[in-house]
Every structure is written in C-alpha cells, then in structure tokens.
Amino acid sequence: MDFKLVSDYAPTGDQPEAIAQLIGSIESGVRHNTLLGVTGSGKTFTIANVVAHFNRPTLVLSHNKTLAAQLYGEFKNFFPENAVEYFVSYYDYYQPEAYLPSTDTYIEKDLAINDELDKLRLHATATLLSGRRDVVVVSSVSCLYGIGNPNDFHATSITIRTGDVVNYKHFMYRLVEALYTRTETEMSPATFRVKGDTFDIMPAFGDNCYRVTFFDNEIESIQTIDPVSGQRFETLDKVTIFPANLFVTTKEHINSAVQQIYLDLGKQIEFFERQGRMVEAQRIKQRVEYDLEMIKELGYCPGIENYSRYFDGRPEGTRPFCLLDYFPKDFLMVIDESHVTLPQVHAMFGGDRARKENLVEYGFRLPAAKDNRPLRFEEFEQLMGTAIYVSATPADYELVKSEGVVVEQLIRPTGLVDPPLEVRVTLNQIDDLIEEIDKRVKVEDKILITTITKRMAEELSKYFDRVGIRNRYIHSDVDTLERVQILEDLRAGMFDVLVGVNLLREGLDLPEVGLVAILDADKEGFLRNVRSITQIAGRAARHSNGHVILYADRCTDSMVAAIEQSNRRREKQVQYNIEHAMLPRQAQKSGSGQNLLISQQPQQQTAAAAPLYPTVEQGGMIAADVQTTYNAADLDALIAKAREDMERAAKSLDFLAAARYRDRMYELQKLKEEAR
C-alpha cells in the first residue's frame, strides 16, 4: 500500500520549494540532506510530503519521548490510513545495574515497565517484519539500544491459514516458544487458552483475540473475538502471531548459548584466580551458574540481556541488533532537532561502557555483558541510509555531511516573522526587565527569562516573589514530571514569568510567550553561542508581537551572528508577506500528541474524542484539590476512583493526568491513615 497524505491545506510559503529540493536531492542519490526550518514553519508537513512521495519505510528519530509523542500525533493525522508506529523506551522507571568500587556499593537493576509502551514497541517491529512499505516509525534514541535478532523474531512468528494441517500439540509448543503463557482464566496479552479443539490466543499487542478451531489436525476456522464476551467480529483466512517479546530465540540457540556461557565462565574464573582475586572468582561463579539454571529451567533470567551476544551468535565486540535492523535497506531516516539528537547518539555508548567496565572488573558480569550496548556512532552512521536532518540551527556535523547544501524553510504559514532581537545594557537591567514584564502582563502575555546559573535563576525568582510578580523557576534539578507541570501551569495562566538556566527546549512551543529575556547574553559559551541564542529566541516566534531582549555590555561574535541571521530571515519573511498580501496571525496552541497514543481505542477515533478519564477541564480533581473533610466511609471509594482514573490515564499515555491522580490517591491514603 502507498502512503496517502491527508491534509486540509496545501504547501504554502517556501514549503513547495523545500519539498521539491529535498525530493530532487534524494532522487539524485544524495544520502545526507539538511532542512533548516524556523520554528513554526511546518517542517513536519514538509517531511510528510517527502515521505509520501518516496513510499519508503521511514524512521523519525527524536531526542525525547515528549517530542516523539508530538511527532507521532502529527504523522498520525497526516497518514491516517497508513501504519504510523511509536517506539520509545518502555520504562516508567529504570535504575541500571552498577557497582561503585570507591564505596563497595552494588546497585541492583530496578525498573517499572509500561505495558502499553511495550505493546506499541512490539506492534512497530511486527509491522516492519510484515513486509508493509507504508510504515512510519516515530522513535526516541532508545531504538539504538540492543533488541532481539530480527531473524529469530521472524523465525518464532507463527503463520497459520485455514485448511493448514498442523499438529495440535506442536502448535501449542510453538506458542510457548513464542513466550505465550497458557491460562485457564481471564485472557491477557501474550496468553492462550485451550478448550477442546479450540485455541483462544491473545496477541502481545492489540485488543482482540484470535479463535483458532481445529478439526482433528486441520485448522477449520480463524476468527477474531472479544476476549471478554467472546463475540465474533471477523473471519480470517490467514493470521500471523508474533512473539510476545523482542528478546526471543530458538531452542537451538539457547542450547549452544548455555554451552558457550559455561566455557567463558570457566575462563573468567581462571582469570580471577591467577590474579589471586578469589572473592571476584566466587562471585562470578555463583551469579552466572544461578542465571544458567534459570535459563535452562524457565528460558530466561533477570538480566538475560547481558547474555544477548551468546543467543544472537555474535562474535565478541560486534554490535547488537537494534530497531534499524528491522528496516529494509532503502529506508528513509528523518532526524528531528538533529543538533540535539546526534550528540545524544554520540554520548550513549561511552556512558554505558563506563558502567559495564566496573561490573565486569569486579566479577558481577561476564565480559560479554559489554556487548549488550547501544550503537557506537560510526555503527549508527553505517546503518543510516538516506537521512534528512531537520533543525532550525543545524550543527557542524549536519552541514559537513550535507556538503554545505542546506534546504531553507523560512516562511511561516501563519505569516509570523522572527521576533526582533534587541540589545540593552546590563545597568539597572532588573528594573528595566520588571517594566517590560508589567507591560506584557497587562495584555496577558507570558515571559521567559534565561539566566547563566541555577543559583541566579532561583535568586531572581525569589526577588520576583518579593516584588509581587507571579513566577516559577525551572532547571535540571527540577523533577522531570514537575517541569511538565510547570509548563502546563504557565499555559493555564497560573503565573506569568518562567525563569530558567537553559530554556533552550527544542519543541517547547508556547504561543502565549510574547517576551524572551536573555541575561548575560555576552557570556560567550555553550549557553550563549549562536545556536543557543537562536533557539532561545525562537520561543517567542509563535507570538504575533514576539520580542527578544539581550542584556549585555558588549556584542559578542555569537550575538552579532544571531542578530544578523534573524534580520536576514525577517527581511525575507516581511518581503513574502508584502508580495502575497498576508497579515500575520497568532499561532495556535500545539498539543502534546499523546492523546493519539490510545492503543485501546479504534484507529478511526480522533484526538478530539472524549477521554476515558475526567480531565481538569471537565471538573476532574487534581492533587491540590484533596480536601480534609471527607467522611471515613467515603475514603475507600475515593481512593478506588482515583486509582481507576490513574490507570485509565496511564493506558491513554497521558502521563501528566496519571501523575495527578496518583498524587491524589496518595493524599487520600494518607488521610485514611491519619483518621485511624
């Protein structure tokens, strides 16, 4: 099936030219292409047009889950009839295994897996292996971490057709090999139930069951049914049942892997004993033998990924399989906000290797654990294929790879122009800033202020508190979930000024922000280079009266370059508006895109559909609304209701709402304990 782009509007501004240039460049065989698009210029729509033209499986790489969710929502709207998948880390919480020699502290791996994200990951890999070409996978950089061998994943998949002659018991064994669990009670993902000559199979992803009916050893019928009521929906001629886990392998590989692990264990014990390190020798012996017993009995063990090289049959030092191995060779890669995403890819290997070295050195893991790792950057480059780097401020790497040929997209469909950058001296800068804040607050605009240090952000926030300015501060020490809440509160008008060290948040689209103030703009460095100043200034680019003030006593080279670049863009944008008689209009709020990640809902349901849980706008209560006047008899019911709302919000991947209901549930439980 081909991609079918659905949109209420056609390419405008310089989008048609950008689309034509990208298509022409890729068709001529250029592997590295850069799209320089200003904030709000419709870069995603441009990429969607390119994807629709080439009809190739596409990987869209983002540097965090939130932006990946936004992109997923946008691509889902553009390609409602095609396969748009979401592949991010499935951990709600993850503490990796580590050892700290300086304090002799061993930290055991601890994690909490989000089942819904796990289902989406499985669905993405299964869709890629199904042979479909109309596939867009939106992913975070977690796609570069090791997952199972695609050949083993495909080999353990079970394809059945009506009329096939299949041994009844052999079919059951194959389901178990694919990591499905037999049950006699309620069906859940990755389980199957046998009643007489009928199998009910609940796939690892999806909402419906497959009912496979045998007549002797012949498959008589295949139907989809409701797992609860048993209602029949559809009769199928063929179905493929994919494994319940990405880390799946065959019996032959398990047997050979166990033998090789024993051999390497003996070598490692001998290595430690030669050095007189008997504690490490005994430690590695106990740990690995325990893991092997579990693998032989159950087929898995905690931390089995550390033995992935043996199960994959890979030589020592070779890279693990990752999501990129599931794509065909001619796939298209789109790297969103490439100036941030690519440095993340660079850094992943080093951080992982440093942790693994200690585990191996002190006898907690075999050396093979080091081969369970993310890709090195050079390995990532070899797998990239045809790439499009998307950024408002491309870094040197993208420019070099594109050989200086950059496709520019500077015109916004809304007609908005880049905000003007004004330089003011630092003398009495806070008083001057307060005057500007007062002007903006009167027209209900919001203000962002960037400082150079965390302490300065906190002190400035305290000063604003004393003079009566509603404000909050945000920096890396603030909890991730709290950061999201702070931004939501800013949008909701609960305060007017947001102070931060590094508000250079790519994808932080806040149309309400009318003023951005950059303190210490002349402190040349990472936080005040050309790229940073341009990105920070872009936070005001969605406002019709956006303005940027740089407080400095001298103009650095970075400031001059950023201002010249902004003036050049403004000149081009104003000229376009004059030629086309276009009046700038205020940009609209952009959603998070997470509401489209409702795997429990039918595909045709849109983001506008009513959520399964009460939202704040509908009168849903958040944590701050917990009262202390409840009767003891009501608390159990309120706790149960909060838990139900939390679970529904979590299934919808609306993590912000889920956190609110979780906090509410904890507060109610605390009240219940105090009432006893």
# chains A, B, ... in the order shown; residues from 1 in each chain; ligands from 1
$ residues_around --residues "His253 of chain A" --least-positions-apart "4" --cutoff "10 Å" --atoms "only C-alpha atoms" --output "PyMOL selection string"
chain A and resi 152+249+257-258+310-313
$ select_by_dssp --residues "segment 344-486 of chain A" --states "helix (DSSP H, G or I)" --output "NGL selection string"
:A and (344-361 or 367-371 or 377-383 or 396-401 or 429-442 or 454-466 or 480-486)
$ atom_distance --atom1 "atom CA of Thr414 of chain A" --atom2 "atom CA of Tyr576 of chain A"
11.8 Å
$ select_by_dssp --residues "segment 177-407 of chain A" --states "strand (DSSP E)" --output "ChimeraX atom specification"
/A:181-182,191-195,198-202,209-215,218-225,232-236,238-241,332-336,386-391,406-407
$ closest_residue --among "A:Ser566, A:Thr125, A:Ser308, A:Asn245" --to "His547 of chain A" --atoms "only C-alpha atoms"
A:Ser566
$ closest_atom_pairs --of "segment 75-115 of chain A" --to "segment 361-372 of chain A" --cutoff "12 Å" --atoms "only C-alpha atoms" --output "tab-separated table"
residue	atom	partner	partner_atom	distance
A:Glu97	CA	A:Phe364	CA	9.6
A:Ala98	CA	A:Phe364	CA	9.1
A:Tyr99	CA	A:Tyr362	CA	8.2
A:Leu100	CA	A:Tyr362	CA	9.9
A:Pro101	CA	A:Tyr362	CA	8.3
A:Asp104	CA	A:Tyr362	CA	10.1
A:Thr105	CA	A:Tyr362	CA	11.3
A:Tyr106	CA	A:Phe364	CA	9.1
A:Ile107	CA	A:Phe364	CA	10.9
A:Glu108	CA	A:Phe364	CA	10.5
$ residues_around --residues "Pro243 of chain A" --least-positions-apart "6" --cutoff "8 Å" --atoms "only C-alpha atoms" --output "ChimeraX atom specification"
/A:153,156-157,178-180,204
$ residues_around --residues "Ala457 of chain A" --least-positions-apart "3" --cutoff "8 Å" --atoms "only C-alpha atoms" --output "mmCIF file with N, CA and C atoms, in the first residue's frame"
data_model
loop_
_atom_site.group_PDB
_atom_site.id
_atom_site.type_symbol
_atom_site.label_atom_id
_atom_site.label_comp_id
_atom_site.auth_asym_id
_atom_site.auth_seq_id
_atom_site.Cartn_x
_atom_site.Cartn_y
_atom_site.Cartn_z
ATOM 1 N N THR A 450 16.048 33.746 30.736
ATOM 2 C CA THR A 450 17.130 32.762 30.867
ATOM 3 C C THR A 450 18.309 33.388 31.589
ATOM 4 N N THR A 451 18.817 32.672 32.585
ATOM 5 C CA THR A 451 19.996 33.107 33.344
ATOM 6 C C THR A 451 21.163 32.201 32.985
ATOM 7 N N ILE A 452 22.316 32.490 33.569
ATOM 8 C CA ILE A 452 23.511 31.724 33.231
ATOM 9 C C ILE A 452 23.811 30.627 34.247
ATOM 10 N N THR A 453 23.224 30.722 35.480
ATOM 11 C CA THR A 453 23.445 29.710 36.514
ATOM 12 C C THR A 453 22.133 29.354 37.196
ATOM 13 N N LYS A 454 22.110 28.185 37.833
ATOM 14 C CA LYS A 454 20.928 27.745 38.566
ATOM 15 C C LYS A 454 20.645 28.660 39.758
ATOM 16 N N LEU A 460 16.699 35.134 41.401
ATOM 17 C CA LEU A 460 15.842 36.058 40.646
ATOM 18 C C LEU A 460 14.373 35.733 40.884
ATOM 19 N N SER A 461 14.060 34.425 40.966
ATOM 20 C CA SER A 461 12.689 34.015 41.243
ATOM 21 C C SER A 461 12.245 34.505 42.624
ATOM 22 N N TYR A 473 10.595 29.010 38.658
ATOM 23 C CA TYR A 473 11.883 28.763 38.003
ATOM 24 C C TYR A 473 11.958 27.297 37.584
ATOM 25 N N ILE A 474 12.806 27.021 36.600
ATOM 26 C CA ILE A 474 12.934 25.668 36.067
ATOM 27 C C ILE A 474 14.386 25.446 35.659
ATOM 28 N N VAL A 499 11.465 31.513 34.839
ATOM 29 C CA VAL A 499 12.905 31.773 34.882
ATOM 30 C C VAL A 499 13.638 30.447 34.786
ATOM 31 N N GLY A 500 14.677 30.392 33.971
ATOM 32 C CA GLY A 500 15.407 29.140 33.821
ATOM 33 C C GLY A 500 16.828 29.352 33.376
ATOM 34 N N VAL A 501 17.656 28.329 33.579
ATOM 35 C CA VAL A 501 19.043 28.374 33.138
ATOM 36 C C VAL A 501 19.119 28.096 31.651
#
$ atom_distance --atom1 "atom CA of Arg355 of chain A" --atom2 "atom CA of Arg373 of chain A"
10.8 Å
$ closest_residue --among "A:Glu74, A:Asp200, A:Glu403, A:Asp264" --to "Val30 of chain A" --atoms "only C-alpha atoms"
A:Glu403
